[in-house]
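*Asks:* File work.cif follows (mmCIF, C-alpha atoms):
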```
data_input
#
loop_
_atom_site.group_PDB
_atom_site.id
_atom_site.type_symbol
_atom_site.label_atom_id
_atom_site.label_comp_id
_atom_site.auth_asym_id
_atom_site.auth_seq_id
_atom_site.Cartn_x
_atom_site.Cartn_y
_atom_site.Cartn_z
ATOM 1 C CA MET A 1 1.823 -9.924 13.820
ATOM 2 C CA VAL A 2 3.632 -6.678 13.206
ATOM 3 C CA GLN A 3 1.942 -3.418 14.169
ATOM 4 C CA PHE A 4 2.592 -0.392 12.006
ATOM 5 C CA ALA A 5 1.251 2.941 13.195
ATOM 6 C CA HIS A 6 -1.106 4.789 10.851
ATOM 7 C CA LEU A 7 -1.068 2.059 8.190
ATOM 8 C CA ASP A 8 -4.898 1.955 8.089
ATOM 9 C CA ARG A 9 -5.050 5.638 7.194
ATOM 10 C CA THR A 10 -2.153 5.444 4.749
ATOM 11 C CA PHE A 11 -3.579 2.457 2.815
ATOM 12 C CA GLY A 12 -7.073 4.013 3.019
ATOM 13 C CA ALA A 13 -5.804 7.291 1.555
ATOM 14 C CA LEU A 14 -4.060 5.419 -1.295
ATOM 15 C CA ALA A 15 -7.213 3.401 -2.161
ATOM 16 C CA ASP A 16 -8.524 6.127 -4.474
ATOM 17 C CA PRO A 17 -7.334 6.932 -8.021
ATOM 18 C CA THR A 18 -7.823 10.721 -7.651
ATOM 19 C CA ARG A 19 -5.793 10.808 -4.441
ATOM 20 C CA ARG A 20 -2.998 8.728 -6.014
ATOM 21 C CA ALA A 21 -3.015 11.064 -9.039
ATOM 22 C CA VAL A 22 -2.788 14.082 -6.684
ATOM 23 C CA LEU A 23 0.276 12.531 -5.027
ATOM 24 C CA GLU A 24 1.850 11.841 -8.442
ATOM 25 C CA ARG A 25 1.227 15.491 -9.406
ATOM 26 C CA LEU A 26 2.796 16.654 -6.115
ATOM 27 C CA GLY A 27 5.739 14.354 -6.819
ATOM 28 C CA ALA A 28 6.650 16.845 -9.558
ATOM 29 C CA GLY A 29 6.475 19.773 -7.094
ATOM 30 C CA SER A 30 4.127 21.679 -4.760
ATOM 31 C CA ALA A 31 0.785 22.925 -6.121
ATOM 32 C CA THR A 32 -2.257 24.936 -5.077
ATOM 33 C CA VAL A 33 -5.656 23.299 -4.523
ATOM 34 C CA SER A 34 -6.946 24.866 -7.794
ATOM 35 C CA GLU A 35 -3.942 23.546 -9.733
ATOM 36 C CA LEU A 36 -4.600 20.069 -8.288
ATOM 37 C CA ALA A 37 -8.311 20.193 -9.138
ATOM 38 C CA ALA A 38 -7.801 21.473 -12.712
ATOM 39 C CA PRO A 39 -7.105 18.129 -14.507
ATOM 40 C CA PHE A 40 -10.099 16.419 -12.867
ATOM 41 C CA ALA A 41 -13.859 16.682 -13.387
ATOM 42 C CA ILE A 42 -14.127 17.592 -9.721
ATOM 43 C CA SER A 43 -15.225 20.655 -7.712
ATOM 44 C CA LEU A 44 -12.801 22.580 -5.494
ATOM 45 C CA THR A 45 -14.789 21.278 -2.506
ATOM 46 C CA GLY A 46 -14.371 17.701 -3.724
ATOM 47 C CA MET A 47 -10.635 18.200 -4.167
ATOM 48 C CA LYS A 48 -10.363 19.797 -0.697
ATOM 49 C CA LYS A 49 -11.935 16.648 0.795
ATOM 50 C CA HIS A 50 -9.406 14.416 -0.968
ATOM 51 C CA ILE A 51 -6.581 16.663 0.259
ATOM 52 C CA ALA A 52 -7.946 16.492 3.823
ATOM 53 C CA VAL A 53 -7.792 12.655 3.670
ATOM 54 C CA LEU A 54 -4.193 12.844 2.395
ATOM 55 C CA GLU A 55 -3.307 15.352 5.158
ATOM 56 C CA GLU A 56 -4.818 13.130 7.886
ATOM 57 C CA ALA A 57 -2.720 10.245 6.549
ATOM 58 C CA GLY A 58 0.367 12.495 6.739
ATOM 59 C CA LEU A 59 0.973 12.115 2.992
ATOM 60 C CA VAL A 60 0.459 15.809 2.214
ATOM 61 C CA ARG A 61 1.218 19.020 4.090
ATOM 62 C CA THR A 62 -0.641 22.251 3.247
ATOM 63 C CA GLN A 63 0.547 25.774 3.915
ATOM 64 C CA LYS A 64 -1.261 29.080 3.572
ATOM 65 C CA VAL A 65 0.614 31.417 1.221
ATOM 66 C CA GLY A 66 -1.270 34.721 0.990
ATOM 67 C CA ARG A 67 -4.800 33.781 -0.009
ATOM 68 C CA THR A 68 -4.012 30.351 -1.471
ATOM 69 C CA ARG A 69 -3.231 26.961 0.071
ATOM 70 C CA VAL A 70 -0.117 25.264 -1.260
ATOM 71 C CA CYS A 71 0.117 21.457 -0.981
ATOM 72 C CA THR A 72 3.392 19.535 -0.678
ATOM 73 C CA ALA A 73 3.958 15.769 -0.679
ATOM 74 C CA VAL A 74 5.415 14.204 2.503
ATOM 75 C CA PRO A 75 7.377 10.987 1.840
ATOM 76 C CA GLN A 76 7.608 9.424 5.361
ATOM 77 C CA PRO A 77 4.291 7.450 5.539
ATOM 78 C CA LEU A 78 5.429 5.552 2.429
ATOM 79 C CA ASP A 79 8.226 3.998 4.499
ATOM 80 C CA ASP A 80 5.703 2.036 6.594
ATOM 81 C CA VAL A 81 3.828 0.911 3.452
ATOM 82 C CA ARG A 82 7.105 -0.310 1.982
ATOM 83 C CA ALA A 83 8.183 -1.968 5.259
ATOM 84 C CA TRP A 84 4.879 -3.841 5.680
ATOM 85 C CA THR A 85 4.717 -4.891 2.015
ATOM 86 C CA GLU A 86 8.305 -6.188 2.055
ATOM 87 C CA MET A 87 7.864 -7.992 5.383
ATOM 88 C CA TYR A 88 4.732 -9.717 4.066
ATOM 89 C CA ARG A 89 6.306 -10.509 0.695
ATOM 90 C CA ARG A 90 9.279 -12.099 2.455
ATOM 91 C CA MET A 91 6.905 -14.322 4.469
ATOM 92 C CA LEU A 92 5.247 -15.490 1.232
ATOM 93 C CA ASP A 93 8.590 -16.143 -0.480
ATOM 94 C CA GLU A 94 9.797 -18.219 2.494
ATOM 95 C CA ARG A 95 6.554 -20.217 2.444
ATOM 96 C CA LEU A 96 7.030 -20.920 -1.277
ATOM 97 C CA ASP A 97 10.642 -21.963 -0.623
ATOM 98 C CA ARG A 98 9.460 -24.429 2.046
ATOM 99 C CA LEU A 99 6.796 -25.786 -0.334
ATOM 100 C CA GLY A 100 9.465 -26.209 -3.030
ATOM 101 C CA GLU A 101 11.723 -28.148 -0.647
ATOM 102 C CA LEU A 102 8.801 -30.335 0.374
ATOM 103 C CA LEU A 103 8.016 -31.058 -3.279
ATOM 104 C CA ASP A 104 11.656 -31.928 -3.994
ATOM 105 C CA ARG A 105 11.705 -34.343 -1.051
ATOM 106 C CA THR A 106 8.377 -35.896 -2.137
ATOM 107 C CA LYS A 107 9.865 -36.499 -5.593
ATOM 108 C CA GLY A 108 12.857 -38.200 -3.965
ATOM 109 C CA ASP A 109 15.154 -35.475 -5.250
ATOM 110 C CA PRO A 110 18.130 -35.403 -2.823
ATOM 111 C CA ARG A 111 18.893 -31.672 -3.393
ATOM 112 C CA MET B 1 -0.127 9.576 -14.213
ATOM 113 C CA VAL B 2 0.425 5.855 -14.106
ATOM 114 C CA GLN B 3 -2.584 3.563 -14.064
ATOM 115 C CA PHE B 4 -2.342 0.351 -12.081
ATOM 116 C CA ALA B 5 -5.213 -2.105 -12.387
ATOM 117 C CA HIS B 6 -6.964 -3.104 -9.152
ATOM 118 C CA LEU B 7 -4.859 -0.814 -6.959
ATOM 119 C CA ASP B 8 -8.002 0.712 -5.381
ATOM 120 C CA ARG B 9 -9.169 -2.685 -4.205
ATOM 121 C CA THR B 10 -5.711 -3.805 -3.089
ATOM 122 C CA PHE B 11 -5.024 -0.669 -1.021
ATOM 123 C CA GLY B 12 -8.632 -0.748 0.293
ATOM 124 C CA ALA B 13 -8.243 -4.373 1.418
ATOM 125 C CA LEU B 14 -4.961 -3.539 3.177
ATOM 126 C CA ALA B 15 -6.505 -0.547 5.040
ATOM 127 C CA ASP B 16 -7.736 -2.739 7.901
ATOM 128 C CA PRO B 17 -5.659 -4.225 10.762
ATOM 129 C CA THR B 18 -7.650 -7.500 10.921
ATOM 130 C CA ARG B 19 -7.227 -8.093 7.181
ATOM 131 C CA ARG B 20 -3.479 -7.371 7.367
ATOM 132 C CA ALA B 21 -3.207 -9.758 10.355
ATOM 133 C CA VAL B 22 -5.081 -12.442 8.344
ATOM 134 C CA LEU B 23 -2.560 -12.047 5.507
ATOM 135 C CA GLU B 24 0.358 -12.273 7.958
ATOM 136 C CA ARG B 25 -1.172 -15.481 9.402
ATOM 137 C CA LEU B 26 -1.588 -16.887 5.862
ATOM 138 C CA GLY B 27 2.022 -15.950 5.184
ATOM 139 C CA ALA B 28 2.913 -18.826 7.540
ATOM 140 C CA GLY B 29 0.685 -21.250 5.586
ATOM 141 C CA SER B 30 -2.912 -21.934 4.506
ATOM 142 C CA ALA B 31 -5.654 -21.895 7.160
ATOM 143 C CA THR B 32 -9.395 -22.506 7.531
ATOM 144 C CA VAL B 33 -11.835 -19.667 8.227
ATOM 145 C CA SER B 34 -12.242 -20.895 11.850
ATOM 146 C CA GLU B 35 -8.465 -20.958 12.363
ATOM 147 C CA LEU B 36 -8.254 -17.411 11.002
ATOM 148 C CA ALA B 37 -11.104 -16.166 13.226
ATOM 149 C CA ALA B 38 -9.758 -17.823 16.439
ATOM 150 C CA PRO B 39 -7.200 -15.153 17.527
ATOM 151 C CA PHE B 40 -9.715 -12.305 17.046
ATOM 152 C CA ALA B 41 -12.756 -11.163 19.006
ATOM 153 C CA ILE B 42 -14.756 -11.596 15.806
ATOM 154 C CA SER B 43 -17.612 -13.841 14.633
ATOM 155 C CA LEU B 44 -17.180 -16.369 11.826
ATOM 156 C CA THR B 45 -19.515 -14.183 9.743
ATOM 157 C CA GLY B 46 -17.330 -11.142 10.423
ATOM 158 C CA MET B 47 -14.218 -13.055 9.416
ATOM 159 C CA LYS B 48 -15.932 -14.345 6.247
ATOM 160 C CA LYS B 49 -16.646 -10.722 5.244
ATOM 161 C CA HIS B 50 -12.992 -9.773 5.701
ATOM 162 C CA ILE B 51 -11.936 -12.819 3.659
ATOM 163 C CA ALA B 52 -14.408 -11.857 0.900
ATOM 164 C CA VAL B 53 -12.762 -8.396 0.675
ATOM 165 C CA LEU B 54 -9.321 -10.037 0.449
ATOM 166 C CA GLU B 55 -10.606 -12.464 -2.219
ATOM 167 C CA GLU B 56 -12.082 -9.618 -4.308
ATOM 168 C CA ALA B 57 -8.709 -7.878 -4.146
ATOM 169 C CA GLY B 58 -7.049 -11.108 -5.331
ATOM 170 C CA LEU B 59 -4.926 -11.279 -2.164
ATOM 171 C CA VAL B 60 -6.473 -14.551 -0.957
ATOM 172 C CA ARG B 61 -7.790 -17.657 -2.698
ATOM 173 C CA THR B 62 -10.237 -20.002 -0.948
ATOM 174 C CA GLN B 63 -10.837 -23.649 -1.753
ATOM 175 C CA LYS B 64 -13.474 -26.039 -0.438
ATOM 176 C CA VAL B 65 -11.855 -29.091 1.171
ATOM 177 C CA GLY B 66 -14.597 -31.429 2.378
ATOM 178 C CA ARG B 67 -16.834 -29.305 4.593
ATOM 179 C CA THR B 68 -14.303 -26.557 5.353
ATOM 180 C CA ARG B 69 -12.951 -23.606 3.386
ATOM 181 C CA VAL B 70 -9.193 -23.341 3.227
ATOM 182 C CA CYS B 71 -7.663 -19.888 2.567
ATOM 183 C CA THR B 72 -4.306 -19.336 0.864
ATOM 184 C CA ALA B 73 -2.397 -16.075 0.332
ATOM 185 C CA VAL B 74 -1.823 -14.935 -3.266
ATOM 186 C CA PRO B 75 1.310 -12.775 -3.681
ATOM 187 C CA GLN B 76 0.708 -11.150 -7.122
ATOM 188 C CA PRO B 77 -1.369 -8.044 -6.170
ATOM 189 C CA LEU B 78 1.507 -6.981 -3.920
ATOM 190 C CA ASP B 79 3.644 -6.436 -7.028
ATOM 191 C CA ASP B 80 1.456 -3.501 -8.111
ATOM 192 C CA VAL B 81 1.541 -2.012 -4.605
ATOM 193 C CA ARG B 82 5.317 -2.241 -4.635
ATOM 194 C CA ALA B 83 5.568 -0.858 -8.186
ATOM 195 C CA TRP B 84 3.337 2.152 -7.430
ATOM 196 C CA THR B 85 5.032 2.885 -4.095
ATOM 197 C CA GLU B 86 8.514 2.723 -5.632
ATOM 198 C CA MET B 87 7.544 4.829 -8.658
ATOM 199 C CA TYR B 88 6.070 7.503 -6.360
ATOM 200 C CA ARG B 89 9.019 7.357 -3.946
ATOM 201 C CA ARG B 90 11.425 7.837 -6.859
ATOM 202 C CA MET B 91 9.491 10.956 -7.941
ATOM 203 C CA LEU B 92 9.806 12.402 -4.422
ATOM 204 C CA ASP B 93 13.526 11.584 -4.214
ATOM 205 C CA GLU B 94 14.157 13.264 -7.574
ATOM 206 C CA ARG B 95 12.226 16.330 -6.421
ATOM 207 C CA LEU B 96 14.348 16.500 -3.247
ATOM 208 C CA ASP B 97 17.526 16.132 -5.339
ATOM 209 C CA ARG B 98 16.441 19.073 -7.513
ATOM 210 C CA LEU B 99 15.664 21.153 -4.405
ATOM 211 C CA GLY B 100 19.106 20.271 -3.011
ATOM 212 C CA GLU B 101 20.827 21.375 -6.230
ATOM 213 C CA LEU B 102 18.835 24.617 -6.200
ATOM 214 C CA LEU B 103 19.883 25.266 -2.587
ATOM 215 C CA ASP B 104 23.541 24.598 -3.438
ATOM 216 C CA ARG B 105 23.390 27.039 -6.348
ATOM 217 C CA THR B 106 21.651 29.676 -4.178
ATOM 218 C CA LYS B 107 24.458 29.339 -1.618
ATOM 219 C CA GLY B 108 27.016 29.819 -4.389
ATOM 220 C CA ASP B 109 28.332 26.315 -3.829
ATOM 221 C CA PRO B 110 29.826 25.218 -7.188
ATOM 222 C CA ARG B 111 29.253 21.455 -6.554
#
```
Here is a file; write its structure as structure tokens.

*Replies:*
Amino acid sequence: MVQFAHLDRTFGALADPTRRAVLERLGAGSATVSELAAPFAISLTGMKKHIAVLEEAGLVRTQKVGRTRVCTAVPQPLDDVRAWTEMYRRMLDERLDRLGELLDRTKGDPR
Amino acid sequence: MVQFAHLDRTFGALADPTRRAVLERLGAGSATVSELAAPFAISLTGMKKHIAVLEEAGLVRTQKVGRTRVCTAVPQPLDDVRAWTEMYRRMLDERLDRLGELLDRTKGDPR
């Protein structure tokens, strides 16, 4: 078993379509909370809650600029998601390879 | 915004350390519910709930063999996780590239 720090919070934060859409928007550049809320049928308070979840997961950083809060995407937590997903995928591929070999041997195929 | 079917359920299922450990165990080969529960301080009922979440997300398939339930990992939902993560990561890399170019121009660097 491999332990990855913060993976619960990262996967949890990504398990919501609004939060993923916010990240995609921030992928194009930083934005204020109002700018992020605008395309959604969601209150500012609702959007602030989503942003708080993304901040706790380390996926977004917010900064006060005058009287507005500007949100910026932080890439690092994605590295752990990618590392876990690839590690797990590799395990599944190896298992399938072993099953394939077993099948070949059962069929009497000498390869 | 890119829509990926089932991504909420996939990310939600992965947002738990026991469920990720179950998948890693299944990566080594199929197992019964009792075998999956054994390494954890968890009841059979608790483990069955985790397995139900993984089944709903399409990450695990269970099959009745005599009087036991055998669980097998299903790789496909991971493809969407990988696709979304890579798409988002590419957006962030491109944004950083643009910021780098802007910085170079600001410094008067002709590269």

*Asks:* Here is a test: counting all atoms listed in the file, which residue of B:Ser30, B:Thr10, B:Ser43, B:Thr85 is nearest to Thr62 (chain B)?

*Replies:*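 The closest residue to Thr62 (chain B) is B:Ser30.
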
*Asks:* When the PyMOL selection byres ((chain B and resi 27) around 7) is applied to the file above, which residues end up in the set, as a list in words?

*Replies:* Tyr88, Met91, Leu92 and Arg95 of chain A; Leu23, Glu24, Arg25, Leu26, Ala28, Gly29 and Ala73 of chain B

*Asks:* Given the file above and the PyMOL selection byres ((chain A and resi 79) around 12), which residues are selected, and can you give them as number ranges by chain?

*Replies:* A: 4-7, 10, 58-59, 74-78, 80-86; B: 82, 85-86, 88-89

*Asks:* Work out how far apart CA of Glu56 (chain B) and CA of Thr68 (chain B) are and give it in Å to one decimal.

*Replies:*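 A separation of 19.6 Å between them.
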
*Asks:* Taking 2 positions as the minimum chain separation for residues in the same chain, which residues sit within 10 Å of Ser34 (chain B) when counting only C-alpha atoms? Answer as a ChimeraX atom specification.

*Replies:* /B:31-32,36-39,43-44,47-48,68-70

*Asks:* One decimal, in Å: what's the spacing between CA of Val33 (chain A) and CA of Ile51 (chain A)?

*Replies:*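 Going from CA of Val33 (chain A) over to CA of Ile51 (chain A), I get 8.2 Å.
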
*Asks:* Separation of CA of Val60 (chain B) and CA of Leu54 (chain A), in Å?

*Replies:*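 CA of Leu54 (chain A) lies 27.7 Å from CA of Val60 (chain B).
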
*Asks:* When you count all atoms listed in the file, which of these residues is closest to chain B: A:Glu55, A:Glu35, A:Asp104, A:Glu94?

*Replies:*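 Selected residue with least distance to chain B: A:Glu94.
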
*Asks:* Which residue is closest to chain A? Choose from B:Asp97, B:Leu102, B:Ile42, B:Arg90 and count all atoms listed in the file.

*Replies:*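 Under the stated criterion, the closest residue is B:Arg90.
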
*Asks:* Nearest to chain A among B:Val65, B:Leu96, B:Cys71, B:Ala41, with distances taken over all atoms listed in the file: which residue is it?

*Replies:*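 Comparing B:Val65, B:Leu96, B:Cys71, B:Ala41 against chain A, the winner is B:Leu96.
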
*Asks:* My list of candidates is B:Lys64, B:Gly100, B:Met87, B:Thr106. Which is closest to chain A when distances are computed with all atoms listed in the file?

*Replies:*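 Looking at the shortest contact to chain A, the residue is B:Met87.
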
*Asks:* Let me make sure I understand: among B:Gly66, B:Ala57, B:Lys107, B:Thr45, which one has the smallest atom-to-atom distance to chain A if we use all atoms listed in the file?

*Replies:*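 Smallest distance to chain A is found for B:Ala57.
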
*Asks:* Since the input has fewer atoms than a full residue there, write region 79-100 of chain B out with N, CA and C atoms, as a short mmCIF file (atom, residue, chain, number, x, y, z; two decimals), in the frame of the given file.

*Replies:*
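Contents of the output file result-v4.cif:
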```cif
data_model
loop_
_atom_site.label_atom_id
_atom_site.label_comp_id
_atom_site.auth_asym_id
_atom_site.auth_seq_id
_atom_site.Cartn_x
_atom_site.Cartn_y
_atom_site.Cartn_z
N ASP B 79 2.69 -6.97 -6.05
CA ASP B 79 3.64 -6.44 -7.03
C ASP B 79 3.25 -5.03 -7.47
N ASP B 80 1.93 -4.82 -7.70
CA ASP B 80 1.46 -3.50 -8.11
C ASP B 80 1.63 -2.48 -6.99
N VAL B 81 1.36 -2.91 -5.75
CA VAL B 81 1.54 -2.01 -4.61
C VAL B 81 3.00 -1.58 -4.55
N ARG B 82 3.89 -2.56 -4.68
CA ARG B 82 5.32 -2.24 -4.64
C ARG B 82 5.71 -1.35 -5.81
N ALA B 83 5.21 -1.65 -7.01
CA ALA B 83 5.57 -0.86 -8.19
C ALA B 83 5.10 0.59 -8.02
N TRP B 84 3.84 0.79 -7.58
CA TRP B 84 3.34 2.15 -7.43
C TRP B 84 4.14 2.90 -6.37
N THR B 85 4.35 2.23 -5.21
CA THR B 85 5.03 2.88 -4.10
C THR B 85 6.44 3.29 -4.50
N GLU B 86 7.14 2.41 -5.24
CA GLU B 86 8.51 2.72 -5.63
C GLU B 86 8.57 3.82 -6.69
N MET B 87 7.61 3.79 -7.63
CA MET B 87 7.54 4.83 -8.66
C MET B 87 7.34 6.19 -7.99
N TYR B 88 6.39 6.24 -7.04
CA TYR B 88 6.07 7.50 -6.36
C TYR B 88 7.25 7.97 -5.51
N ARG B 89 7.88 7.02 -4.79
CA ARG B 89 9.02 7.36 -3.95
C ARG B 89 10.17 7.93 -4.78
N ARG B 90 10.36 7.34 -5.97
CA ARG B 90 11.42 7.84 -6.86
C ARG B 90 11.15 9.28 -7.27
N MET B 91 9.86 9.58 -7.58
CA MET B 91 9.49 10.96 -7.94
C MET B 91 9.85 11.92 -6.81
N LEU B 92 9.54 11.52 -5.57
CA LEU B 92 9.81 12.40 -4.42
C LEU B 92 11.31 12.58 -4.21
N ASP B 93 12.07 11.49 -4.38
CA ASP B 93 13.53 11.58 -4.21
C ASP B 93 14.12 12.52 -5.25
N GLU B 94 13.64 12.40 -6.51
CA GLU B 94 14.16 13.26 -7.57
C GLU B 94 13.83 14.73 -7.29
N ARG B 95 12.63 14.96 -6.76
CA ARG B 95 12.23 16.33 -6.42
C ARG B 95 13.15 16.89 -5.34
N LEU B 96 13.45 16.06 -4.32
CA LEU B 96 14.35 16.50 -3.25
C LEU B 96 15.75 16.76 -3.78
N ASP B 97 16.21 15.91 -4.73
CA ASP B 97 17.53 16.13 -5.34
C ASP B 97 17.56 17.49 -6.04
N ARG B 98 16.48 17.79 -6.80
CA ARG B 98 16.44 19.07 -7.51
C ARG B 98 16.44 20.23 -6.53
N LEU B 99 15.69 20.10 -5.41
CA LEU B 99 15.66 21.15 -4.40
C LEU B 99 17.05 21.35 -3.80
N GLY B 100 17.75 20.21 -3.57
CA GLY B 100 19.11 20.27 -3.01
C GLY B 100 20.05 21.02 -3.94
#
```
